[in-house]
file work.txt (compact mmCIF, C-alpha atoms and all ligand atoms)
# COMPACT_ATOMS: atom_id res chain seq x y z
CA MET M 1 0.00 0.00 0.00
CA LYS M 2 1.30 3.44 -0.90
CA ASP M 3 -0.33 5.42 1.87
CA LYS M 4 -0.89 4.06 5.33
CA LEU M 5 -4.36 2.94 6.38
CA LYS M 6 -6.12 2.54 9.67
CA ALA M 7 -7.65 -0.73 10.74
CA VAL M 8 -10.48 -1.41 13.18
CA ILE M 9 -10.46 -4.76 14.96
CA LEU M 10 -13.76 -5.87 16.49
CA VAL M 11 -12.91 -7.38 19.84
CA GLY M 12 -16.09 -6.75 21.83
CA GLY M 13 -17.93 -10.06 21.53
CA HIS M 14 -18.65 -12.27 24.54
CA GLY M 15 -17.05 -15.35 23.01
CA THR M 16 -20.06 -17.33 24.19
CA ARG M 17 -19.35 -20.37 22.02
CA LEU M 18 -15.82 -20.58 23.35
CA ARG M 19 -16.99 -21.03 26.94
CA PRO M 20 -15.89 -22.19 29.46
CA LEU M 21 -12.59 -20.67 28.25
CA THR M 22 -13.97 -17.14 27.92
CA TYR M 23 -15.71 -16.53 31.25
CA ASN M 24 -12.69 -14.73 32.64
CA THR M 25 -10.58 -14.27 29.51
CA PRO M 26 -11.88 -12.33 26.50
CA LYS M 27 -11.61 -14.24 23.24
CA PRO M 28 -8.80 -12.00 21.88
CA MET M 29 -6.69 -12.79 24.96
CA VAL M 30 -7.14 -16.56 24.78
CA PRO M 31 -3.58 -17.91 24.59
CA THR M 32 -2.77 -19.29 21.19
CA VAL M 33 0.59 -21.04 21.13
CA ASN M 34 1.36 -19.19 24.36
CA VAL M 35 0.57 -15.65 23.22
CA PRO M 36 -2.84 -13.93 23.12
CA PHE M 37 -4.79 -14.72 19.97
CA LEU M 38 -4.93 -11.01 19.15
CA GLU M 39 -1.15 -10.82 19.05
CA HIS M 40 -1.17 -13.03 15.94
CA VAL M 41 -3.79 -10.78 14.31
CA ILE M 42 -1.91 -7.59 15.20
CA ARG M 43 1.45 -8.90 14.01
CA ASN M 44 -0.10 -10.01 10.74
CA LEU M 45 -1.66 -6.57 10.18
CA GLY M 46 1.52 -4.83 11.28
CA GLY M 47 3.31 -6.16 8.21
CA HIS M 48 0.93 -4.25 5.90
CA ASN M 49 1.69 -0.56 6.31
CA ILE M 50 -1.04 0.23 8.83
CA SER M 51 -0.84 3.63 10.55
CA GLU M 52 -3.08 2.81 13.51
CA ILE M 53 -5.13 -0.10 14.80
CA ILE M 54 -8.32 0.77 16.67
CA LEU M 55 -9.55 -1.91 19.04
CA ALA M 56 -13.35 -1.68 19.36
CA GLN M 57 -13.98 -3.17 22.77
CA TYR M 58 -16.77 -4.11 25.06
CA TYR M 59 -16.30 -7.35 27.02
CA LEU M 60 -13.41 -7.80 29.54
CA ALA M 61 -11.44 -4.99 27.93
CA GLU M 62 -8.79 -4.15 30.57
CA SER M 63 -6.55 -7.17 30.06
CA MET M 64 -6.01 -6.23 26.41
CA GLN M 65 -4.81 -2.75 27.29
CA ASP M 66 -2.53 -4.11 30.02
CA TYR M 67 -0.89 -6.53 27.60
CA PHE M 68 -0.66 -4.54 24.37
CA GLY M 69 -0.19 -1.02 25.80
CA ASP M 70 0.33 1.56 23.05
CA GLY M 71 1.33 -1.21 20.61
CA SER M 72 4.96 -0.10 20.23
CA LYS M 73 6.25 -3.46 21.47
CA PHE M 74 4.43 -5.02 18.53
CA GLY M 75 5.48 -2.42 15.97
CA VAL M 76 2.03 -0.80 15.66
CA ARG M 77 0.07 2.13 17.11
CA LEU M 78 -2.99 1.08 19.07
CA ARG M 79 -6.06 3.01 20.14
CA TYR M 80 -8.68 1.52 22.46
CA VAL M 81 -12.33 2.53 22.27
CA MET M 82 -14.85 1.13 24.69
CA GLU M 83 -18.56 0.85 23.90
CA GLU M 84 -21.13 1.85 26.51
CA SER M 85 -23.21 -1.13 25.45
CA PRO M 86 -22.42 -3.73 22.78
CA ARG M 87 -22.99 -2.04 19.44
CA GLY M 88 -22.77 -5.05 17.13
CA THR M 89 -20.27 -5.28 14.27
CA ALA M 90 -21.33 -2.14 12.35
CA GLY M 91 -22.34 -0.10 15.42
CA ALA M 92 -18.85 -0.71 16.83
CA VAL M 93 -17.22 0.83 13.74
CA LYS M 94 -19.71 3.74 13.77
CA ASN M 95 -18.64 4.30 17.37
CA VAL M 96 -15.04 4.99 16.24
CA GLU M 97 -16.04 7.04 13.17
CA LYS M 98 -14.27 10.18 14.38
CA TYR M 99 -10.90 8.42 14.04
CA LEU M 100 -11.56 7.26 10.46
CA ASP M 101 -11.59 8.79 7.02
CA GLY M 102 -11.15 7.62 3.45
CA THR M 103 -10.31 3.94 3.06
CA PHE M 104 -9.82 1.68 6.09
CA LEU M 105 -9.85 -1.98 7.10
CA VAL M 106 -12.25 -3.75 9.45
CA LEU M 107 -11.41 -7.15 10.92
CA ASN M 108 -13.38 -9.52 13.08
CA GLY M 109 -11.05 -10.11 15.99
CA ASP M 110 -11.41 -13.89 16.12
CA ILE M 111 -10.07 -14.85 12.72
CA PHE M 112 -6.67 -16.42 12.16
CA HIS M 113 -5.66 -16.02 8.56
CA ASN M 114 -2.95 -14.82 6.30
CA CYS M 115 -5.02 -12.75 3.92
CA ASP M 116 -2.81 -10.38 1.95
CA PHE M 117 -4.32 -7.06 3.05
CA THR M 118 -2.05 -5.09 0.74
CA SER M 119 -3.32 -6.88 -2.31
CA MET M 120 -6.91 -6.72 -1.00
CA VAL M 121 -6.70 -2.91 -0.73
CA LYS M 122 -5.23 -2.73 -4.26
CA PHE M 123 -8.15 -4.83 -5.50
CA HIS M 124 -10.61 -2.54 -3.68
CA ARG M 125 -9.10 0.59 -5.26
CA ARG M 126 -8.89 -0.93 -8.73
CA HIS M 127 -12.63 -1.66 -8.60
CA LYS M 128 -13.48 1.70 -7.00
CA ALA M 129 -15.49 -0.28 -4.47
CA GLN M 130 -17.26 1.14 -1.42
CA VAL M 131 -16.94 -2.16 0.36
CA THR M 132 -14.71 -5.12 -0.39
CA ILE M 133 -15.43 -8.30 1.54
CA ALA M 134 -12.78 -11.01 1.80
CA LEU M 135 -14.18 -14.45 0.98
CA THR M 136 -12.89 -17.88 1.82
CA PRO M 137 -14.23 -21.36 1.03
CA VAL M 138 -15.53 -23.49 3.94
CA GLU M 139 -17.19 -26.87 4.35
CA ASN M 140 -20.20 -25.77 6.40
CA PRO M 141 -21.33 -22.32 5.26
CA THR M 142 -24.49 -22.24 7.44
CA ILE M 143 -22.61 -20.95 10.47
CA TYR M 144 -21.17 -17.99 8.54
CA GLY M 145 -22.24 -15.23 6.16
CA VAL M 146 -22.63 -16.72 2.70
CA VAL M 147 -21.65 -14.43 -0.18
CA GLU M 148 -22.71 -14.91 -3.79
CA THR M 149 -20.80 -13.08 -6.47
CA ASP M 150 -21.02 -12.60 -10.23
CA SER M 151 -18.23 -13.50 -12.63
CA ARG M 152 -16.53 -10.10 -12.17
CA GLY M 153 -16.38 -10.38 -8.38
CA LYS M 154 -19.35 -8.13 -7.56
CA VAL M 155 -21.38 -9.28 -4.61
CA LYS M 156 -24.91 -10.31 -5.62
CA ARG M 157 -26.23 -11.68 -2.32
CA PHE M 158 -25.18 -11.74 1.32
CA THR M 159 -27.00 -14.11 3.67
CA GLU M 160 -25.92 -14.29 7.28
CA LYS M 161 -26.21 -17.76 8.88
CA PRO M 162 -28.36 -19.17 6.05
CA LYS M 163 -30.59 -22.20 6.38
CA PRO M 164 -29.12 -25.25 4.58
CA GLU M 165 -31.54 -24.79 1.67
CA GLU M 166 -30.38 -21.16 1.25
CA VAL M 167 -26.76 -22.14 0.73
CA THR M 168 -25.82 -21.57 -2.89
CA THR M 169 -22.03 -21.40 -2.56
CA ASN M 170 -19.33 -22.45 -0.12
CA MET M 171 -17.73 -18.98 -0.26
CA ILE M 172 -18.27 -17.12 2.99
CA ASN M 173 -17.52 -13.77 4.54
CA ALA M 174 -14.04 -14.17 5.98
CA GLY M 175 -14.67 -11.36 8.49
CA THR M 176 -12.32 -8.85 6.83
CA TYR M 177 -13.48 -5.76 4.95
CA VAL M 178 -12.02 -2.76 3.18
CA LEU M 179 -14.46 0.12 3.57
CA GLU M 180 -14.85 3.70 2.39
CA SER M 181 -15.90 6.04 5.17
CA GLU M 182 -19.11 7.10 3.36
CA VAL M 183 -20.47 3.63 4.17
CA LEU M 184 -20.64 4.73 7.81
CA GLN M 185 -23.49 7.08 6.86
CA ARG M 186 -25.63 3.96 6.57
CA ILE M 187 -25.15 3.16 10.25
CA PRO M 188 -27.19 5.01 12.88
CA PRO M 189 -25.15 6.41 15.81
CA ASP M 190 -25.38 4.93 19.32
CA THR M 191 -27.31 1.93 18.06
CA LYS M 192 -26.64 -1.80 17.94
CA TYR M 193 -26.22 -2.49 14.23
CA SER M 194 -24.89 -5.34 12.13
CA PHE M 195 -22.84 -5.18 8.92
CA GLU M 196 -23.95 -8.66 8.03
CA ARG M 197 -27.69 -8.20 8.52
CA GLU M 198 -28.31 -4.46 8.24
CA VAL M 199 -25.59 -2.86 6.15
CA PHE M 200 -24.46 -5.25 3.42
CA PRO M 201 -27.81 -6.73 2.24
CA PRO M 202 -29.53 -3.34 1.64
CA MET M 203 -26.35 -1.92 0.08
CA LEU M 204 -26.51 -4.60 -2.57
CA ALA M 205 -29.96 -3.43 -3.59
CA ASP M 206 -29.00 0.19 -4.15
CA THR M 207 -25.33 0.35 -5.08
CA LYS M 208 -23.17 -1.58 -7.39
CA SER M 209 -19.96 -1.18 -5.50
CA VAL M 210 -19.70 -4.09 -3.08
CA TYR M 211 -16.94 -6.41 -4.25
CA ALA M 212 -15.56 -9.72 -3.06
CA TYR M 213 -11.89 -10.54 -2.75
CA SER M 214 -11.44 -14.32 -2.62
CA PHE M 215 -8.44 -15.99 -1.12
CA ASP M 216 -7.73 -19.58 -0.22
CA ASN M 217 -4.82 -19.28 2.19
CA TYR M 218 -5.29 -20.64 5.67
CA TRP M 219 -8.39 -19.26 7.44
CA MET M 220 -9.96 -20.15 10.80
CA ASP M 221 -12.62 -18.53 12.98
CA MET M 222 -11.62 -19.87 16.35
CA GLY M 223 -15.15 -19.59 17.70
CA THR M 224 -15.44 -22.93 19.54
CA PRO M 225 -13.10 -25.06 21.68
CA GLU M 226 -12.91 -27.62 18.88
CA LYS M 227 -11.74 -24.97 16.43
CA TYR M 228 -9.38 -23.54 19.01
CA LEU M 229 -7.69 -26.92 19.37
CA GLN M 230 -7.70 -27.44 15.61
CA LEU M 231 -6.00 -24.05 15.18
CA HIS M 232 -3.18 -25.26 17.44
CA ARG M 233 -2.80 -28.45 15.43
CA ASP M 234 -2.67 -26.38 12.25
CA ILE M 235 -0.17 -23.85 13.55
CA LEU M 236 2.12 -26.54 14.90
CA SER M 237 1.93 -28.64 11.75
CA GLY M 238 2.85 -25.61 9.63
CA LYS M 239 -0.49 -25.59 7.82
CA CYS M 240 -0.81 -21.84 8.48
CA ASP M 241 2.51 -21.05 6.78
CA ASN M 242 3.80 -20.30 10.20
CA ARG M 243 7.49 -21.04 10.25
CA LEU M 244 8.03 -20.17 13.86
CA PHE M 245 8.01 -23.75 15.06
CA GLU M 246 10.29 -25.64 12.76
CA LYS M 247 11.87 -27.45 15.68
CA ASP M 248 9.94 -30.45 17.02
CA VAL M 249 10.42 -29.45 20.64
CA THR M 250 10.58 -25.86 21.87
CA ILE M 251 11.34 -25.35 25.54
CA GLY M 252 11.06 -21.98 27.29
CA ASP M 253 13.48 -20.40 29.76
CA LYS M 254 14.11 -21.73 33.25
CA CYS M 255 12.40 -25.09 32.70
CA ASP M 256 13.31 -28.27 34.52
CA ILE M 257 12.68 -31.13 32.11
CA HIS M 258 13.68 -34.62 33.31
CA PRO M 259 15.94 -36.41 30.79
CA SER M 260 13.58 -39.40 30.68
CA VAL M 261 10.68 -37.34 29.25
CA GLN M 262 9.49 -38.84 25.96
CA PHE M 263 8.64 -36.36 23.25
CA SER M 264 6.94 -37.09 19.97
CA GLY M 265 5.41 -34.70 17.43
CA LYS M 266 5.53 -30.94 17.94
CA VAL M 267 5.70 -29.87 21.57
CA ILE M 268 5.98 -26.33 22.91
CA ILE M 269 6.67 -25.65 26.56
CA GLY M 270 6.49 -22.16 28.08
CA ASP M 271 8.90 -20.63 30.59
CA ASN M 272 9.36 -21.89 34.16
CA CYS M 273 7.82 -25.34 33.67
CA VAL M 274 8.71 -28.55 35.47
CA VAL M 275 8.24 -31.88 33.67
CA GLY M 276 8.95 -34.98 35.74
CA HIS M 277 10.35 -38.46 35.25
CA GLY M 278 8.71 -40.67 32.60
CA VAL M 279 6.24 -38.06 31.35
CA ARG M 280 5.09 -38.60 27.77
CA LEU M 281 4.30 -35.57 25.64
CA THR M 282 2.76 -36.50 22.31
CA GLY M 283 2.33 -33.49 20.06
CA PRO M 284 0.71 -31.35 19.09
CA VAL M 285 1.02 -30.17 22.67
CA VAL M 286 1.32 -26.61 23.95
CA ILE M 287 2.08 -26.06 27.62
CA GLY M 288 1.85 -22.56 29.06
CA PRO M 289 4.33 -20.98 31.48
CA HIS M 290 4.61 -22.10 35.12
CA CYS M 291 3.08 -25.54 34.57
CA THR M 292 4.08 -28.64 36.49
CA ILE M 293 3.69 -32.11 35.00
CA LEU M 294 4.48 -34.82 37.51
CA GLU M 295 5.94 -38.31 37.03
CA ASN M 296 4.57 -40.59 34.32
CA ALA M 297 1.74 -38.31 33.26
CA VAL M 298 0.73 -38.43 29.59
CA ILE M 299 -0.35 -35.39 27.57
CA ALA M 300 -1.34 -35.74 23.93
CA ASP M 301 -2.92 -33.38 21.40
CA SER M 302 -3.76 -30.80 24.07
CA VAL M 303 -3.32 -27.18 25.10
CA LEU M 304 -2.56 -26.13 28.67
CA TRP M 305 -2.65 -22.47 29.70
CA HIS M 306 -0.45 -21.10 32.50
CA ASP M 307 0.03 -22.47 36.03
CA VAL M 308 -1.58 -25.83 35.33
CA ALA M 309 -0.59 -28.74 37.57
CA ILE M 310 -0.85 -32.29 36.25
CA GLU M 311 -0.24 -34.87 38.95
CA GLN M 312 1.33 -38.30 38.62
CA ARG M 313 0.10 -40.70 35.94
CA ALA M 314 -2.76 -38.43 34.85
CA ILE M 315 -3.69 -38.87 31.18
CA ILE M 316 -4.83 -35.83 29.16
CA LYS M 317 -5.86 -36.27 25.53
CA SER M 318 -7.32 -33.80 23.00
CA SER M 319 -8.21 -31.38 25.79
CA VAL M 320 -7.89 -27.71 26.67
CA LEU M 321 -7.11 -26.72 30.26
CA ALA M 322 -7.31 -23.03 31.17
CA ASP M 323 -5.19 -21.24 33.78
CA ASN M 324 -4.53 -22.73 37.21
CA CYS M 325 -6.23 -26.10 36.69
CA ASP M 326 -5.12 -28.88 39.01
CA ILE M 327 -5.49 -32.41 37.68
CA GLY M 328 -5.15 -35.17 40.28
CA ASP M 329 -3.12 -38.40 40.22
CA ASP M 330 -4.36 -41.13 37.87
CA SER M 331 -7.18 -39.02 36.46
CA TYR M 332 -8.22 -39.34 32.82
CA LEU M 333 -9.43 -36.57 30.49
CA VAL M 334 -10.31 -36.91 26.83
CA ASP M 335 -11.87 -34.19 24.65
CA ALA M 336 -12.33 -32.13 27.82
CA VAL M 337 -12.45 -28.36 28.06
CA LEU M 338 -11.80 -26.94 31.52
CA GLY M 339 -12.28 -23.31 32.52
CA ASP M 340 -9.70 -21.69 34.79
CA HIS M 341 -9.10 -22.87 38.37
CA VAL M 342 -10.75 -26.27 37.88
CA THR M 343 -9.71 -29.11 40.17
CA VAL M 344 -10.04 -32.72 39.06
CA ASP M 345 -9.78 -35.12 41.98
CA ALA M 346 -7.32 -38.02 41.98
CA GLY M 347 -8.48 -41.08 40.06
CA CYS M 348 -11.33 -39.21 38.37
CA LYS M 349 -12.29 -40.22 34.87
CA LEU M 350 -14.14 -37.38 33.17
CA LYS M 351 -16.85 -38.14 30.66
CA PRO M 352 -15.39 -37.69 27.15
CA GLY M 353 -16.20 -34.21 25.90
CA ALA M 354 -16.72 -32.78 29.41
CA ARG M 355 -16.99 -29.00 29.78
CA VAL M 356 -16.17 -27.75 33.28
CA LEU M 357 -16.95 -24.25 34.53
CA PRO M 358 -14.22 -22.10 36.10
CA GLY M 359 -13.56 -22.82 39.76
CA GLU M 360 -15.39 -26.16 39.87
CA THR M 361 -14.05 -29.31 41.47
CA VAL M 362 -14.78 -32.56 39.70
CA GLY M 363 -14.72 -35.70 41.83
CA ASN M 364 -15.79 -39.29 41.45
CA THR M 365 -19.05 -39.00 43.35
N1 LIG N 1 -16.80 -4.11 19.59
C1 LIG N 1 -17.70 -5.06 19.36
N2 LIG N 1 -18.98 -4.87 19.80
N3 LIG N 1 -17.32 -6.20 18.76
C2 LIG N 1 -18.26 -7.16 18.55
C3 LIG N 1 -19.60 -7.02 18.97
C4 LIG N 1 -19.97 -5.79 19.63
O1 LIG N 1 -21.11 -5.57 20.04
N4 LIG N 1 -20.27 -8.14 18.63
C5 LIG N 1 -19.39 -8.95 18.02
N5 LIG N 1 -18.17 -8.37 17.98
C6 LIG N 1 -16.95 -8.90 17.39
C7 LIG N 1 -16.57 -10.27 17.94
O2 LIG N 1 -15.69 -10.11 19.04
C8 LIG N 1 -15.89 -10.90 16.73
O3 LIG N 1 -14.52 -10.55 16.68
C9 LIG N 1 -16.58 -10.27 15.54
O4 LIG N 1 -17.22 -9.09 16.02
C10 LIG N 1 -17.63 -11.18 14.87
O5 LIG N 1 -18.54 -11.63 15.84
P1 LIG N 1 -18.83 -13.19 16.04
O6 LIG N 1 -19.84 -13.31 17.11
O7 LIG N 1 -17.57 -13.95 16.16
O8 LIG N 1 -19.57 -13.51 14.66
P2 LIG N 1 -19.63 -14.89 13.87
O9 LIG N 1 -18.34 -15.60 13.93
O10 LIG N 1 -20.86 -15.62 14.30
O11 LIG N 1 -19.91 -14.37 12.37
C11 LIG N 1 -19.11 -13.36 11.78
O12 LIG N 1 -17.86 -13.88 11.37
C12 LIG N 1 -17.93 -14.88 10.32
C13 LIG N 1 -16.53 -15.28 9.98
O13 LIG N 1 -15.95 -15.90 11.06
C14 LIG N 1 -19.86 -12.76 10.58
O14 LIG N 1 -19.12 -11.63 10.17
C15 LIG N 1 -20.02 -13.77 9.46
O15 LIG N 1 -20.62 -13.16 8.33
C16 LIG N 1 -18.64 -14.30 9.07
O16 LIG N 1 -18.77 -15.31 8.06
MG MG N 2 -16.60 -15.41 15.01
call {"tool": "encode", "arguments": {"input": "work.txt", "output": "C-alpha cells", "more": "lines below"}}
Ligand code: GDD
Ligand code: MG
result
Amino acid sequence: MKDKLKAVILVGGHGTRLRPLTYNTPKPMVPTVNVPFLEHVIRNLGGHNISEIILAQYYLAESMQDYFGDGSKFGVRLRYVMEESPRGTAGAVKNVEKYLDGTFLVLNGDIFHNCDFTSMVKFHRRHKAQVTIALTPVENPTIYGVVETDSRGKVKRFTEKPKPEEVTTNMINAGTYVLESEVLQRIPPDTKYSFEREVFPPMLADTKSVYAYSFDNYWMDMGTPEKYLQLHRDILSGKCDNRLFEKDVTIGDKCDIHPSVQFSGKVIIGDNCVVGHGVRLTGPVVIGPHCTILENAVIADSVLWHDVAIEQRAIIKSSVLADNCDIGDDSYLVDAVLGDHVTVDAGCKLKPGARVLPGETVGNT
C-alpha cells in the first residue's frame, strides 16, 4: 500500500461459544501457542503498512490494554475505544467514526488467517469499491455469512447464517473488509447495528460497489473449543505457513525437564515449567508458562494455559485446560475443556467431551 491505512479490529464479543474458556478471559486474549490470539492478528496486520489499529472493545477490555499497551512493542500504534453497550459489528465501527476517514480496514477479531491485506486494498481501489469483503471457502457455510458473487467479483447476495436450503455457494464472509468512510453514513449512531444483517444486504440493492476478494490461504474462525484446538494443530503442523516452530520441541526459559521425558510430534513448553520423570508428551502439545507435570503423566494433542498442575500418571488427551487447573493423580481426560481454576480429583475419569466451569471441582461421586 502506498499510503498508510487505519484498521479497526472488532474485539467486543462475549465469546459465548468458546466457553468455558472465555468466562474470565476475553476471546482476543485466549492464549494461542502461548501468546494472546490477538497478538497473531496484530502482528499479521503490522506487516501491511497500517498507521493505527483501533480496538473496538466491550467485554473484559482491561486485560487487552494491560498486555498490548500503546502497541509499540508489537510495531504498531494502538487506540482503544470502549462501547457503553455492545454495538454489534457495524455499530462498533460507527462508534469509532471520528478516528476514520477515506479507506480503512475492518477485521473480526477472532479470525486467524494470512489474507494479503495489501493486495486486497489494491483490488478494492482498482474496482473503486465502497466495500470489499474477503471471501474464503468453507465446508459448512451455514454458520457464517454466505456471499454470492457474479463473474466479475461483484457481490450479488449476502446471507448471514443461512438455512441449509439457502446455501448456494461455499464462499463465505471471511470477516475482513475494506471500507470507504461514506459507508458509515448507513449506520445510525449509538445503536446496535450489524454489517452482516443491516448494512451489506440493503447496500446490494441500491449500489453496485460491493466487491468480493477471494483468497484460499489458511483461514480459521476460532469460535469454539474444537476450532481452538484445531488451530493449534494447524499452527504446529505448519499448515498456516507459520514457520516459527520448525523445531519439534521448543522449551522456554528456566524449565526443569527430566531427561527421561518422551517427546513425539511438535511440543511447545512455556517458561518456568517442570516436567517430571517418565512423562510422555505427544504433540501437538502446547504447555503454558509455570506448569508442572508430575511423574509418568501423559499429555497428547492438548493445550494447557499457565500455572496448570498435572499430577502423577494423569492422562490428558485432545483437551484444553485453562489457567490454574489442578489435575489429580491417575485421572483421565479426553476431549475435555476446563475453565480456569478447575480441580479434578485423583483417580477421576471425566466423561469424554466434558466441559467444566471455572472454579469447579470434579470428583468421582
Ligand atoms: N466491539 C464489538 N462490539 N465487537 C463485537 C460485537 C460488539 O457488540 N459483537 C461482536 N463483535 C466482534 C466479535 O468479538 C468478533 O470478533 C466479531 O465481532 C464477529 O462476531 P462473532 O460473534 O464472532 O460472529 P460470527 O463468527 O458468528 O460471524 C461473523 O464472522 C464470520 C466469519 O468468522 C460474521 O461476520 C459472518 O458473516 C462471518 O462469516
Ligand atoms: Mg466469530
call {"tool": "residues_near_ligand", "arguments": {"input": "work.txt", "ligand": "ligand LIG 1 (chain N)", "cutoff": "8 Å", "atoms": "all atoms listed in the file", "output": "PyMOL selection string"}}
result
chain M and resi 9-15+27-28+55-58+82-83+85-89+91-93+107-111+141+143-146+159-161+172-175+192+195-196+220-223
call {"tool": "write_last_selection", "arguments": {"input": "work.txt", "atoms": "C-alpha atoms", "output": "mmCIF file, in the frame of the given file"}}
result
data_model
loop_
_atom_site.group_PDB
_atom_site.id
_atom_site.type_symbol
_atom_site.label_atom_id
_atom_site.label_comp_id
_atom_site.auth_asym_id
_atom_site.auth_seq_id
_atom_site.Cartn_x
_atom_site.Cartn_y
_atom_site.Cartn_z
ATOM 1 C CA ILE M 9 -10.460 -4.760 14.960
ATOM 2 C CA LEU M 10 -13.760 -5.870 16.490
ATOM 3 C CA VAL M 11 -12.910 -7.380 19.840
ATOM 4 C CA GLY M 12 -16.090 -6.750 21.830
ATOM 5 C CA GLY M 13 -17.930 -10.060 21.530
ATOM 6 C CA HIS M 14 -18.650 -12.270 24.540
ATOM 7 C CA GLY M 15 -17.050 -15.350 23.010
ATOM 8 C CA LYS M 27 -11.610 -14.240 23.240
ATOM 9 C CA PRO M 28 -8.800 -12.000 21.880
ATOM 10 C CA LEU M 55 -9.550 -1.910 19.040
ATOM 11 C CA ALA M 56 -13.350 -1.680 19.360
ATOM 12 C CA GLN M 57 -13.980 -3.170 22.770
ATOM 13 C CA TYR M 58 -16.770 -4.110 25.060
ATOM 14 C CA MET M 82 -14.850 1.130 24.690
ATOM 15 C CA GLU M 83 -18.560 0.850 23.900
ATOM 16 C CA SER M 85 -23.210 -1.130 25.450
ATOM 17 C CA PRO M 86 -22.420 -3.730 22.780
ATOM 18 C CA ARG M 87 -22.990 -2.040 19.440
ATOM 19 C CA GLY M 88 -22.770 -5.050 17.130
ATOM 20 C CA THR M 89 -20.270 -5.280 14.270
ATOM 21 C CA GLY M 91 -22.340 -0.100 15.420
ATOM 22 C CA ALA M 92 -18.850 -0.710 16.830
ATOM 23 C CA VAL M 93 -17.220 0.830 13.740
ATOM 24 C CA LEU M 107 -11.410 -7.150 10.920
ATOM 25 C CA ASN M 108 -13.380 -9.520 13.080
ATOM 26 C CA GLY M 109 -11.050 -10.110 15.990
ATOM 27 C CA ASP M 110 -11.410 -13.890 16.120
ATOM 28 C CA ILE M 111 -10.070 -14.850 12.720
ATOM 29 C CA PRO M 141 -21.330 -22.320 5.260
ATOM 30 C CA ILE M 143 -22.610 -20.950 10.470
ATOM 31 C CA TYR M 144 -21.170 -17.990 8.540
ATOM 32 C CA GLY M 145 -22.240 -15.230 6.160
ATOM 33 C CA VAL M 146 -22.630 -16.720 2.700
ATOM 34 C CA THR M 159 -27.000 -14.110 3.670
ATOM 35 C CA GLU M 160 -25.920 -14.290 7.280
ATOM 36 C CA LYS M 161 -26.210 -17.760 8.880
ATOM 37 C CA ILE M 172 -18.270 -17.120 2.990
ATOM 38 C CA ASN M 173 -17.520 -13.770 4.540
ATOM 39 C CA ALA M 174 -14.040 -14.170 5.980
ATOM 40 C CA GLY M 175 -14.670 -11.360 8.490
ATOM 41 C CA LYS M 192 -26.640 -1.800 17.940
ATOM 42 C CA PHE M 195 -22.840 -5.180 8.920
ATOM 43 C CA GLU M 196 -23.950 -8.660 8.030
ATOM 44 C CA MET M 220 -9.960 -20.150 10.800
ATOM 45 C CA ASP M 221 -12.620 -18.530 12.980
ATOM 46 C CA MET M 222 -11.620 -19.870 16.350
ATOM 47 C CA GLY M 223 -15.150 -19.590 17.700
#
call {"tool": "closest_residue", "arguments": {"input": "work.txt", "among": "M:Tyr80, M:Trp219, M:Phe263, M:Tyr332", "to": "ligand MG 2 (chain N)", "atoms": "all atoms listed in the file"}}
result
M:Trp219
call {"tool": "closest_residue", "arguments": {"input": "work.txt", "among": "M:Leu231, M:Ala90, M:Met64, M:Ile269", "to": "Arg186 of chain M", "atoms": "only C-alpha atoms"}}
result
M:Ala90
call {"tool": "closest_residue", "arguments": {"input": "work.txt", "among": "M:Val308, M:Ala314, M:Cys255, M:Leu236", "to": "Asp326 of chain M", "atoms": "only C-alpha atoms"}}
result
M:Val308
call {"tool": "residues_around", "arguments": {"input": "work.txt", "residues": "Val155 of chain M", "least_positions_apart": "4", "cutoff": "10 Å", "atoms": "only C-alpha atoms", "output": "list in words"}}
result
Val131, Thr132, Ile133, Val147, Glu148, Thr149, Asp150, Ser151, Phe200, Pro201, Leu204, Lys208, Ser209, Val210, Tyr211, Ala212 and Tyr213 of chain M
call {"tool": "axis_aligned_box", "arguments": {"input": "work.txt", "around": "segment 200-214 of chain M", "padding_each_side": "3 Å", "output": "AutoDock Vina command-line options"}}
result
--center_x -20.7 --center_y -7.0 --center_z -2.0 --size_x 24.5 --size_y 20.7 --size_z 16.8
call {"tool": "closest_residue", "arguments": {"input": "work.txt", "among": "M:Ser318, M:Leu179, M:Lys227, M:Glu39", "to": "ligand MG 2 (chain N)", "atoms": "only C-alpha atoms and all ligand atoms"}}
result
M:Lys227
call {"tool": "residues_around", "arguments": {"input": "work.txt", "residues": "segment 113-116 of chain M", "least_positions_apart": "4", "cutoff": "10 Å", "atoms": "all atoms listed in the file", "output": "VMD selection string"}}
result
chain M and resid 40 to 41 44 to 45 47 to 48 120 to 121 134 to 136 174 176 213 to 221 240 to 242
call {"tool": "residues_around", "arguments": {"input": "work.txt", "residues": "Ala354 of chain M", "least_positions_apart": "6", "cutoff": "9 Å", "atoms": "only C-alpha atoms", "output": "JSON, numbers by chain"}}
result
{"M": [333, 334, 335, 336, 337, 338]}
call {"tool": "residues_around", "arguments": {"input": "work.txt", "residues": "Glu180 of chain M", "least_positions_apart": "4", "cutoff": "7 Å", "atoms": "only C-alpha atoms", "output": "ChimeraX atom specification"}}
result
/M:102-104,130-131
call {"tool": "closest_residue", "arguments": {"input": "work.txt", "among": "M:Ser119, M:Asn24, M:Thr191, M:Thr16", "to": "Gly359 of chain M", "atoms": "all atoms listed in the file"}}
result
M:Asn24
call {"tool": "residues_around", "arguments": {"input": "work.txt", "residues": "Glu165 of chain M", "least_positions_apart": "3", "cutoff": "10 Å", "atoms": "only C-alpha atoms", "output": "PDB file with C-alpha atoms, in the frame of the given file"}}
result
ATOM      1  CA  THR M 142     -24.490 -22.240   7.440  1.00  0.00           C
ATOM      2  CA  PRO M 162     -28.360 -19.170   6.050  1.00  0.00           C
ATOM      3  CA  THR M 168     -25.820 -21.570  -2.890  1.00  0.00           C
TER       4      THR M 168
END
call {"tool": "atom_distance", "arguments": {"input": "work.txt", "atom1": "atom CA of Pro31 of chain M", "atom2": "atom CA of Arg233 of chain M"}}
result
14.0 Å
